[in-house]
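Peer 1: Contents of entry.csv (CSV, C-alpha atoms) are given next:
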```
chain,number,residue,atom,x,y,z
A,1,MET,CA,-18.9,-114.5,15.8
A,2,ARG,CA,-20.9,-112.1,17.9
A,3,PHE,CA,-24.2,-113.6,16.7
A,4,LEU,CA,-23.0,-117.1,17.4
A,5,THR,CA,-21.5,-116.4,20.8
A,6,SER,CA,-24.6,-114.4,21.9
A,7,LYS,CA,-26.4,-117.7,21.9
A,8,ILE,CA,-24.0,-119.3,24.4
A,9,SER,CA,-26.0,-118.3,27.4
A,10,HIS,CA,-28.6,-116.0,28.7
A,11,CYS,CA,-27.2,-112.8,30.3
A,12,VAL,CA,-28.4,-113.7,33.8
A,13,SER,CA,-30.1,-117.0,34.5
A,14,ASN,CA,-32.3,-117.8,37.5
A,15,ARG,CA,-29.9,-120.7,38.2
A,16,ASP,CA,-26.9,-118.3,38.5
A,17,ILE,CA,-28.9,-116.0,40.8
A,18,SER,CA,-30.0,-118.9,43.0
A,19,LEU,CA,-26.4,-120.2,43.3
A,20,LEU,CA,-25.1,-116.7,44.0
A,21,LYS,CA,-27.4,-116.4,47.0
A,22,ASN,CA,-26.2,-119.7,48.4
A,23,SER,CA,-22.5,-119.8,47.5
A,24,LEU,CA,-19.4,-118.5,49.3
A,25,ILE,CA,-17.4,-116.5,46.7
A,26,LYS,CA,-13.7,-117.1,47.3
A,27,ARG,CA,-12.2,-117.3,43.8
A,28,ILE,CA,-13.2,-115.1,40.9
A,29,LEU,CA,-11.9,-115.0,37.3
A,30,ILE,CA,-12.2,-111.8,35.1
A,31,ILE,CA,-12.0,-112.5,31.4
A,32,ARG,CA,-10.7,-109.8,29.0
A,33,PRO,CA,-8.6,-111.5,26.3
A,34,ASN,CA,-7.3,-108.2,24.8
A,35,SER,CA,-3.7,-106.9,24.8
A,36,ARG,CA,-4.3,-103.2,24.3
A,37,LEU,CA,-3.0,-100.8,27.0
A,38,GLY,CA,-6.2,-98.8,27.1
A,39,ASN,CA,-8.5,-101.8,27.3
A,40,GLN,CA,-6.6,-103.3,30.1
A,41,LEU,CA,-6.6,-100.0,32.1
A,42,LEU,CA,-10.3,-99.8,31.5
A,43,LEU,CA,-10.6,-103.0,33.4
A,44,THR,CA,-9.3,-101.4,36.6
A,45,PRO,CA,-12.7,-100.0,37.7
A,46,LEU,CA,-14.2,-103.6,37.6
A,47,ILE,CA,-11.2,-104.9,39.6
A,48,GLN,CA,-11.7,-102.2,42.2
A,49,GLU,CA,-15.4,-103.0,42.4
A,50,ILE,CA,-14.8,-106.7,43.0
A,51,SER,CA,-12.2,-105.8,45.7
A,52,THR,CA,-14.9,-103.7,47.5
A,53,VAL,CA,-17.7,-106.3,47.3
A,54,PHE,CA,-15.4,-109.3,47.9
A,55,PRO,CA,-12.4,-108.0,49.9
A,56,GLN,CA,-11.2,-111.5,50.9
A,57,CYS,CA,-11.5,-113.2,47.5
A,58,LYS,CA,-8.6,-114.2,45.3
A,59,LEU,CA,-8.9,-112.8,41.8
A,60,ASP,CA,-7.4,-114.2,38.6
A,61,ILE,CA,-7.4,-112.3,35.3
A,62,PHE,CA,-7.4,-113.8,31.8
A,63,VAL,CA,-5.9,-111.4,29.3
A,64,ARG,CA,-3.6,-111.3,26.2
A,65,GLY,CA,-0.1,-110.0,26.1
A,66,ASN,CA,2.5,-109.1,28.7
A,67,LEU,CA,1.2,-105.7,30.0
A,68,ALA,CA,-1.2,-106.9,32.7
A,69,PRO,CA,1.5,-107.9,35.3
A,70,VAL,CA,2.9,-104.4,35.0
A,71,LEU,CA,-0.4,-102.5,35.0
A,72,TYR,CA,-1.9,-104.5,38.0
A,73,LYS,CA,1.3,-104.7,39.9
A,74,ASN,CA,-0.1,-103.0,43.0
A,75,TYR,CA,-3.5,-104.8,43.1
A,76,SER,CA,-2.9,-107.1,46.1
A,77,ASN,CA,-6.1,-109.1,45.5
A,78,ILE,CA,-4.9,-110.4,42.1
A,79,ASP,CA,-3.6,-113.9,42.5
A,80,GLN,CA,-2.8,-115.1,39.0
A,81,ILE,CA,-2.7,-113.5,35.6
A,82,ILE,CA,-3.4,-116.0,32.8
A,83,LYS,CA,-1.8,-114.6,29.6
A,84,LEU,CA,-2.5,-115.5,26.0
A,85,PRO,CA,0.5,-114.9,23.8
A,86,PRO,CA,0.4,-111.4,22.2
A,87,LYS,CA,0.8,-112.8,18.7
A,88,PRO,CA,-1.2,-116.1,18.5
A,89,PHE,CA,-0.3,-117.1,15.0
A,90,LYS,CA,3.5,-117.0,15.9
A,91,GLN,CA,2.9,-119.0,19.1
A,92,LEU,CA,-0.1,-121.1,18.1
A,93,LEU,CA,0.6,-124.1,20.3
A,94,ALA,CA,1.2,-121.9,23.3
A,95,TYR,CA,-2.0,-120.0,22.5
A,96,ILE,CA,-4.1,-123.2,22.3
A,97,LYS,CA,-2.5,-124.5,25.5
A,98,VAL,CA,-3.6,-121.4,27.5
A,99,TRP,CA,-7.2,-121.7,26.2
A,100,PHE,CA,-7.3,-125.4,27.3
A,101,SER,CA,-5.9,-124.5,30.7
A,102,LEU,CA,-9.1,-122.6,31.4
A,103,SER,CA,-11.1,-125.8,31.7
A,104,LYS,CA,-8.7,-127.1,34.4
A,105,ARG,CA,-9.3,-124.3,36.9
A,106,ARG,CA,-12.2,-124.0,39.2
A,107,TYR,CA,-13.8,-120.7,40.2
A,108,ASP,CA,-16.8,-119.6,42.3
A,109,LEU,CA,-17.6,-116.8,39.9
A,110,VAL,CA,-16.5,-116.1,36.3
A,111,ILE,CA,-17.0,-112.6,34.8
A,112,ASN,CA,-16.9,-111.7,31.1
A,113,ALA,CA,-15.7,-108.0,31.3
A,114,ASP,CA,-16.6,-106.8,27.8
A,115,VAL,CA,-20.2,-107.0,26.4
A,116,ASN,CA,-18.8,-107.0,22.8
A,117,SER,CA,-16.1,-109.7,23.2
A,118,SER,CA,-16.9,-112.9,21.4
A,119,SER,CA,-13.7,-114.5,22.7
A,120,GLY,CA,-14.7,-113.4,26.2
A,121,ARG,CA,-18.0,-115.3,25.9
A,122,ILE,CA,-16.3,-118.4,24.6
A,123,ALA,CA,-13.7,-118.3,27.4
A,124,THR,CA,-16.5,-117.8,30.0
A,125,ASN,CA,-18.3,-120.8,28.6
A,126,LEU,CA,-15.1,-122.9,28.8
A,127,CYS,CA,-14.4,-122.2,32.5
A,128,ARG,CA,-15.3,-124.5,35.3
A,129,SER,CA,-17.6,-122.5,37.5
A,130,LYS,CA,-21.2,-122.9,38.6
A,131,ILE,CA,-21.8,-119.2,38.4
A,132,LYS,CA,-21.1,-117.4,35.2
A,133,PHE,CA,-21.7,-113.7,34.4
A,134,TYR,CA,-21.7,-113.2,30.7
A,135,ASN,CA,-22.3,-109.4,30.9
A,136,CYS,CA,-24.8,-108.5,28.2
A,137,PHE,CA,-25.8,-105.0,27.1
A,138,ASN,CA,-29.1,-103.9,28.7
A,139,PRO,CA,-30.9,-101.2,26.6
A,140,GLU,CA,-33.2,-100.4,29.6
A,141,LYS,CA,-30.2,-99.6,31.7
A,142,LEU,CA,-29.0,-97.1,29.1
A,143,LYS,CA,-32.2,-95.2,29.7
A,144,GLN,CA,-31.6,-95.0,33.4
A,145,VAL,CA,-27.8,-94.3,33.4
A,146,PRO,CA,-26.4,-91.9,30.9
A,147,ASP,CA,-22.8,-93.2,31.2
A,148,TYR,CA,-23.8,-96.9,30.9
A,149,GLU,CA,-22.0,-97.3,27.5
A,150,HIS,CA,-18.6,-96.4,28.9
A,151,MET,CA,-16.2,-99.3,28.7
A,152,GLY,CA,-14.9,-98.7,32.2
A,153,LYS,CA,-18.3,-98.3,33.7
A,154,GLY,CA,-20.8,-100.6,31.9
A,155,ALA,CA,-19.4,-103.9,33.3
A,156,VAL,CA,-19.6,-102.4,36.9
A,157,TYR,CA,-23.2,-101.3,36.4
A,158,ASN,CA,-24.1,-104.8,35.1
A,159,LEU,CA,-22.3,-106.6,37.8
A,160,ARG,CA,-23.9,-104.5,40.5
A,161,ASP,CA,-27.4,-105.4,39.1
A,162,PHE,CA,-26.4,-109.1,39.0
A,163,LEU,CA,-25.0,-109.1,42.5
A,164,GLY,CA,-28.0,-107.1,43.8
A,165,ARG,CA,-30.3,-109.8,42.5
A,166,GLY,CA,-28.2,-112.3,44.5
A,167,GLY,CA,-28.6,-110.4,47.7
A,168,TYR,CA,-25.4,-108.4,47.8
A,169,LEU,CA,-25.5,-104.8,48.8
A,170,THR,CA,-23.6,-102.9,46.2
A,171,GLY,CA,-24.8,-99.4,47.1
A,172,GLU,CA,-25.0,-96.2,45.1
A,173,ARG,CA,-21.3,-95.2,45.3
A,174,PRO,CA,-19.6,-93.7,42.3
A,175,ILE,CA,-18.0,-96.0,39.7
A,176,PRO,CA,-14.3,-96.3,40.5
A,177,VAL,CA,-12.0,-94.3,38.2
A,178,LEU,CA,-9.2,-95.9,36.2
A,179,SER,CA,-6.2,-96.5,38.5
A,180,LEU,CA,-2.6,-97.5,37.9
A,181,ARG,CA,-2.2,-97.5,41.7
A,182,LEU,CA,1.2,-95.8,41.7
A,183,SER,CA,3.1,-96.2,44.9
A,184,GLN,CA,4.4,-93.2,46.8
A,185,THR,CA,7.9,-94.3,45.7
A,186,GLU,CA,6.8,-94.3,42.1
A,187,LEU,CA,5.2,-90.9,42.5
A,188,SER,CA,8.3,-89.4,44.1
A,189,ASN,CA,10.6,-90.9,41.4
A,190,GLY,CA,8.2,-89.6,38.7
A,191,ALA,CA,8.4,-86.1,40.3
A,192,LEU,CA,12.2,-86.3,40.3
A,193,LYS,CA,12.3,-87.5,36.7
A,194,LEU,CA,10.0,-84.7,35.5
A,195,ARG,CA,12.1,-82.1,37.2
A,196,GLU,CA,15.3,-83.5,35.5
A,197,ILE,CA,13.6,-83.3,32.1
A,198,ALA,CA,11.8,-79.9,32.6
A,199,GLN,CA,14.8,-78.2,34.2
A,200,THR,CA,12.5,-75.6,35.7
A,201,ASN,CA,10.3,-74.8,38.7
A,202,LYS,CA,7.3,-74.2,36.5
A,203,PRO,CA,4.3,-76.7,36.4
A,204,VAL,CA,4.4,-78.9,33.3
A,205,ILE,CA,1.9,-79.2,30.5
A,206,CYS,CA,2.2,-82.7,28.8
A,207,ILE,CA,1.1,-83.3,25.3
A,208,TYR,CA,1.0,-86.5,23.4
A,209,THR,CA,0.6,-86.0,19.6
A,210,PHE,CA,0.5,-89.6,18.4
A,211,ALA,CA,-2.4,-92.0,18.0
A,212,THR,CA,-3.0,-95.0,15.7
A,213,GLY,CA,-4.8,-94.9,12.4
A,214,ALA,CA,-7.5,-92.3,11.9
A,215,LYS,CA,-7.3,-91.2,15.5
A,216,CYS,CA,-4.0,-89.5,14.8
A,217,TYR,CA,-4.4,-85.8,14.0
A,218,PRO,CA,-2.4,-84.3,11.1
A,219,LYS,CA,0.8,-82.3,11.8
A,220,TYR,CA,-0.8,-79.0,10.8
A,221,TRP,CA,-3.5,-79.5,13.4
A,222,TRP,CA,-1.1,-80.3,16.2
A,223,ARG,CA,1.2,-77.4,15.2
A,224,GLU,CA,-1.6,-75.0,15.5
A,225,LEU,CA,-2.7,-76.3,18.9
A,226,TYR,CA,0.9,-76.4,20.2
A,227,SER,CA,1.5,-72.9,19.0
A,228,ARG,CA,-1.5,-71.6,20.8
A,229,ILE,CA,-0.6,-73.4,24.0
A,230,LYS,CA,3.0,-72.2,23.9
A,231,ARG,CA,2.0,-68.6,23.1
A,232,THR,CA,-0.5,-68.6,26.0
A,233,TYR,CA,1.3,-70.5,28.7
A,234,GLU,CA,5.1,-70.5,28.2
A,235,ASP,CA,5.6,-67.7,30.8
A,236,HIS,CA,4.0,-69.8,33.6
A,237,PHE,CA,4.3,-73.4,32.4
A,238,SER,CA,6.8,-75.7,30.8
A,239,ILE,CA,5.6,-77.8,27.8
A,240,LEU,CA,6.7,-81.4,27.5
A,241,GLU,CA,5.9,-83.8,24.7
A,242,VAL,CA,5.6,-87.4,25.7
A,243,LEU,CA,6.7,-89.6,22.8
A,244,PRO,CA,5.2,-92.9,21.7
A,245,LYS,CA,7.3,-96.1,21.4
A,246,GLU,CA,7.6,-95.3,17.7
A,247,ASN,CA,9.6,-92.2,18.7
A,248,VAL,CA,7.7,-89.8,16.4
A,249,SER,CA,6.3,-86.3,16.8
A,250,GLN,CA,3.5,-84.5,15.1
A,251,ILE,CA,5.1,-81.2,16.0
A,252,ASP,CA,8.5,-82.3,14.7
A,253,PHE,CA,10.1,-82.4,18.2
A,254,SER,CA,9.5,-78.6,18.6
A,255,ALA,CA,9.1,-79.0,22.4
A,256,PRO,CA,11.3,-80.8,25.0
A,257,THR,CA,10.5,-84.5,24.9
A,258,TYR,CA,10.3,-87.5,27.2
A,259,TYR,CA,10.7,-91.0,25.9
A,260,SER,CA,10.3,-94.2,27.9
A,261,THR,CA,9.1,-97.8,27.3
A,262,ASP,CA,8.5,-98.3,31.0
A,263,ILE,CA,4.8,-97.9,31.4
A,264,ARG,CA,4.8,-97.4,35.1
A,265,GLU,CA,7.6,-94.8,35.0
A,266,MET,CA,5.7,-93.0,32.2
A,267,GLY,CA,2.5,-93.0,34.3
A,268,ALA,CA,4.5,-91.6,37.3
A,269,VAL,CA,6.0,-88.8,35.3
A,270,ILE,CA,2.7,-87.9,33.7
A,271,SER,CA,1.1,-88.0,37.2
A,272,GLN,CA,3.2,-85.0,38.2
A,273,SER,CA,2.1,-82.8,35.3
A,274,ALA,CA,-0.5,-80.2,35.5
A,275,ILE,CA,-2.5,-81.4,32.5
A,276,PHE,CA,-2.2,-84.1,29.8
A,277,ILE,CA,-3.5,-83.4,26.3
A,278,SER,CA,-3.9,-86.3,23.9
A,279,ALA,CA,-6.0,-87.9,21.2
A,280,ASP,CA,-8.0,-91.0,22.3
A,281,CYS,CA,-5.4,-93.7,22.8
A,282,GLY,CA,-3.9,-96.0,25.4
A,283,ILE,CA,-1.6,-93.3,26.7
A,284,MET,CA,-4.6,-91.1,27.3
A,285,HIS,CA,-6.0,-93.8,29.5
A,286,LEU,CA,-2.6,-94.1,31.2
A,287,ALA,CA,-2.7,-90.4,32.1
A,288,SER,CA,-6.3,-90.8,33.4
A,289,SER,CA,-5.3,-93.8,35.5
A,290,ALA,CA,-2.4,-91.8,36.9
A,291,GLY,CA,-4.8,-89.2,38.2
A,292,THR,CA,-3.8,-86.3,35.9
A,293,PRO,CA,-6.5,-84.0,34.5
A,294,THR,CA,-6.7,-85.3,31.0
A,295,VAL,CA,-8.0,-83.6,27.8
A,296,GLY,CA,-9.1,-86.4,25.5
A,297,LEU,CA,-9.4,-85.3,21.9
A,298,PHE,CA,-11.9,-87.4,19.9
A,299,SER,CA,-12.6,-87.3,16.1
A,300,THR,CA,-13.5,-90.9,15.1
A,301,THR,CA,-14.1,-92.9,18.3
A,302,LYS,CA,-17.1,-92.6,20.6
A,303,ILE,CA,-16.7,-90.3,23.6
A,304,ASP,CA,-19.5,-92.2,25.4
A,305,ILE,CA,-17.4,-95.4,25.4
A,306,TYR,CA,-13.8,-94.1,25.9
A,307,ALA,CA,-13.9,-90.7,27.6
A,308,PRO,CA,-11.4,-90.1,30.5
A,309,TYR,CA,-13.5,-89.5,33.6
A,310,ASN,CA,-11.1,-89.0,36.5
A,311,PRO,CA,-11.5,-85.7,38.4
A,312,GLY,CA,-10.7,-82.7,36.2
A,313,SER,CA,-10.7,-84.5,32.9
A,314,ILE,CA,-12.7,-83.8,29.8
A,315,ALA,CA,-13.4,-85.4,26.5
A,316,ILE,CA,-13.8,-83.1,23.5
A,317,ASP,CA,-15.3,-83.8,20.1
A,318,THR,CA,-13.0,-82.0,17.8
A,319,THR,CA,-15.3,-82.4,14.8
A,320,ARG,CA,-17.5,-79.9,16.6
A,321,THR,CA,-15.0,-77.9,18.6
A,322,SER,CA,-12.5,-75.3,17.3
A,323,ILE,CA,-9.0,-75.0,18.7
A,324,GLU,CA,-10.1,-71.7,20.2
A,325,GLU,CA,-12.8,-73.6,22.2
A,326,ILE,CA,-10.3,-76.3,23.1
A,327,MET,CA,-8.1,-73.6,24.6
A,328,VAL,CA,-11.0,-72.4,26.8
A,329,HIS,CA,-11.3,-76.0,28.2
A,330,ILE,CA,-7.5,-76.2,28.8
A,331,HIS,CA,-7.6,-72.8,30.6
A,332,LYS,CA,-10.4,-74.0,32.9
A,333,ILE,CA,-8.2,-76.9,34.0
A,334,LEU,CA,-5.0,-74.9,34.4
A,335,THR,CA,-6.4,-72.0,36.3
A,336,PRO,CA,-6.6,-73.7,39.7
A,337,TYR,CA,-2.9,-74.8,39.4
A,338,CYS,CA,-1.8,-71.2,39.3
A,339,SER,CA,-3.9,-69.9,42.3
A,340,GLY,CA,-1.8,-69.4,45.4
A,341,GLY,CA,1.4,-70.4,43.6
A,342,LEU,CA,0.8,-74.2,44.1
A,343,PRO,CA,-1.4,-76.7,42.2
A,344,CYS,CA,-4.4,-78.4,43.8
A,345,HIS,CA,-3.6,-81.8,42.3
A,346,PRO,CA,-2.8,-84.2,45.2
A,347,HIS,CA,-0.1,-86.1,43.2
A,348,PHE,CA,1.6,-83.0,41.9
A,349,THR,CA,2.9,-81.9,45.4
A,350,ASN,CA,5.6,-84.5,44.9
A,351,TYR,CA,7.1,-82.4,42.2
A,352,PHE,CA,7.5,-79.4,44.4
A,353,SER,CA,9.1,-81.4,47.2
A,354,PHE,CA,12.2,-81.7,45.1
A,355,LEU,CA,12.4,-77.9,44.3
```
For this file, produce the structure as structure tokens.
Peer 2:
Amino acid sequence: MRFLTSKISHCVSNRDISLLKNSLIKRILIIRPNSRLGNQLLLTPLIQEISTVFPQCKLDIFVRGNLAPVLYKNYSNIDQIIKLPPKPFKQLLAYIKVWFSLSKRRYDLVINADVNSSSGRIATNLCRSKIKFYNCFNPEKLKQVPDYEHMGKGAVYNLRDFLGRGGYLTGERPIPVLSLRLSQTELSNGALKLREIAQTNKPVICIYTFATGAKCYPKYWWRELYSRIKRTYEDHFSILEVLPKENVSQIDFSAPTYYSTDIREMGAVISQSAIFISADCGIMHLASSAGTPTVGLFSTTKIDIYAPYNPGSIAIDTTRTSIEEIMVHIHKILTPYCSGGLPCHPHFTNYFSFL
């Protein structure tokens, strides 16, 4: 499929560049037909970039599943979210109907968000737009920009190059970080919820011990890490395990737990914690998008593609890093939270307003 769809179009055609120079961009469609939490959160840097370059445009997003309206709730420039059913073979007619609806909509610019998405290329080809950005991988760009492979950054780099050729000034500003765009009300409610769970004035260390498939660390590994964290920090921090929807724990519920199926509430609660420690998974990206310093633990997936990169965060290759070394990284993040009695994290001050 990747081979076939790679022949749909050149990455950037002279025709598209010429039209870009002479067109008024008012309606844009981003294509990312994927339902995973992490992948949809990794789309937020591109959404923010488009909002900066085209502040008056209306933006539609083509995705799969029902998460997008929740995740992008506070993005005011998003007009419509076109949703493919989450389980296409159970809703085949509805699935086909949504695909055909793409050909009925007109856009000034269509953007395929993922360089590796075959369905994204097909959808881009189906859309009615004079200007189509297929978003191809550029090996030369990788030589210039070390973080070009990152899923949240690569599309932004490529779009900037495309728009630059069309005469748009995209600048050298940093790539936007993932953002859930939690409102002040959500942050305050998250702080109150965290205080109710923690029942303490101490800052909170959040851990998330679950992940899918090979990304999930065994119980003995998590027990050792949790034991080290507890032994080192329990006098100054509370430890809270955030549970997955499966309601399982790799430390057998040894720590106080928080369970919710409300993604925005979960993000708000995590945003008030001092640190979030997790294997590479969608909830890791949720923590990063909530602005919390995040320790991403990687054993099978590529750090260059999925690392959390909001301020204070770090990605660790656990195949090369001992638990002792992981503790050193954790301590570097937690140290500023203890200085002066209050943390430096801007969101975290909501937690203390309730004490």
Peer 1: Counting only C-alpha atoms, which of A:Met151, A:Ile25, A:Leu194, A:Ile275 gets nearest to Asp304 in chain A?
Peer 2: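 Among A:Met151, A:Ile25, A:Leu194, A:Ile275, it is A:Met151 that comes nearest to Asp304 in chain A.
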Peer 1: Using all atoms listed in the file, which residue out of A:Lys132, A:Arg15, A:Arg105, A:Arg195 lies closest to Leu159 in chain A?
Peer 2: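 Nearest candidate to Leu159 in chain A out of A:Lys132, A:Arg15, A:Arg105, A:Arg195: A:Lys132.
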Peer 1: Taking the point (-2.5, -98.2, 25.2) as given in the file, collect each protein or nucleic acid residue that comes within 6 Å of it, counting all atoms listed in the file, and present the set as number ranges by chain.
Peer 2: A: 36-38, 281-283
Peer 1: Would you work out the distance separating CA of Leu297 in chain A from CA of Ala211 in chain A, expressed in Å to one decimal?
Peer 2: 10.4 Å
Peer 1: Looking at all atoms listed in the file, which of A:Thr185, A:Ser249, A:Thr170, A:Ser179 is the one that sits closest to Thr209 in chain A?
Peer 2: A:Ser249
Peer 1: From the set A:Asp235, A:Asp317, A:Glu49, A:Asp60, which residue has the shortest atom-to-atom contact distance to Leu163 in chain A, counting only C-alpha atoms?
Peer 2: A:Glu49
Peer 1: Residues within 9 Å of Leu243 in chain A, please, as a list in words. Count all atoms listed in the file; anything in the same chain fewer than 3 positions from it doesn't count.
Peer 2: Ile207, Tyr208, Thr209, Phe210, Glu246, Asn247, Val248, Ser249, Thr257, Tyr258, Tyr259 and Ser260 of chain A
Peer 1: State, in Å with one decimal place, the distance from CA of Ser103 in chain A to CA of Ile82 in chain A.
Peer 2: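 A separation of 12.5 Å between them.
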Peer 1: Would you list the contacts of range 84-94 of chain A as a VMD selection string, taking every protein, DNA or RNA residue within 10 Å and counting all atoms listed in the file, but skipping same-chain residues closer than 2 positions in sequence?
Peer 2: chain A and resid 33 to 36 62 to 67 81 to 82 96 to 99
Peer 1: Could you please determine the separation between CA of Arg231 in chain A and CA of Ser254 in chain A in Å, to one decimal place?
Peer 2: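 That distance, rounded to one decimal, is 13.3 Å.
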Peer 1: Looking at all atoms listed in the file, which of A:Asp108, A:Asp114, A:Asp161, A:Asp147 is the one that sits closest to Gln40 in chain A?
Peer 2: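 Closest to Gln40 in chain A, using all atoms listed in the file: A:Asp114.
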Peer 1: Which residue out of A:Ile251, A:Val269, A:Ile323, A:Leu182 has the minimum interatomic distance to Glu196 in chain A when all atoms listed in the file are used?
Peer 2: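 Distance minimum relative to Glu196 in chain A lands on A:Val269.
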Peer 1: Could you give me, as an MDAnalysis selection string, the residues within 9 Å of Arg106 in chain A, counting all atoms listed in the file and dropping anything in the same chain fewer than 6 positions from it?
Peer 2: chainID A and resid 27 127:129
Peer 1: Need the shell around Ala290 in chain A: protein/DNA/RNA residues with any atom at most 9 Å away, counting only C-alpha atoms. Skip same-chain ones fewer than 2 positions apart. Format as a list in words?
Peer 2: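 Returned residues: Leu178, Ser179, Leu180, Arg181, Leu182, Gly267, Ala268, Ile270, Ser271, Gln272, His285, Leu286, Ala287, Ser288, Thr292 and His347 of chain A.
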Peer 1: At a cut-off of 10 Å from (-15.6, -113.7, 23.6) in the coordinates of the file, what residues are picked up using all atoms listed in the file, written as a PyMOL selection string?
Peer 2: chain A and resi 1-2+5-6+31-33+112-125+134
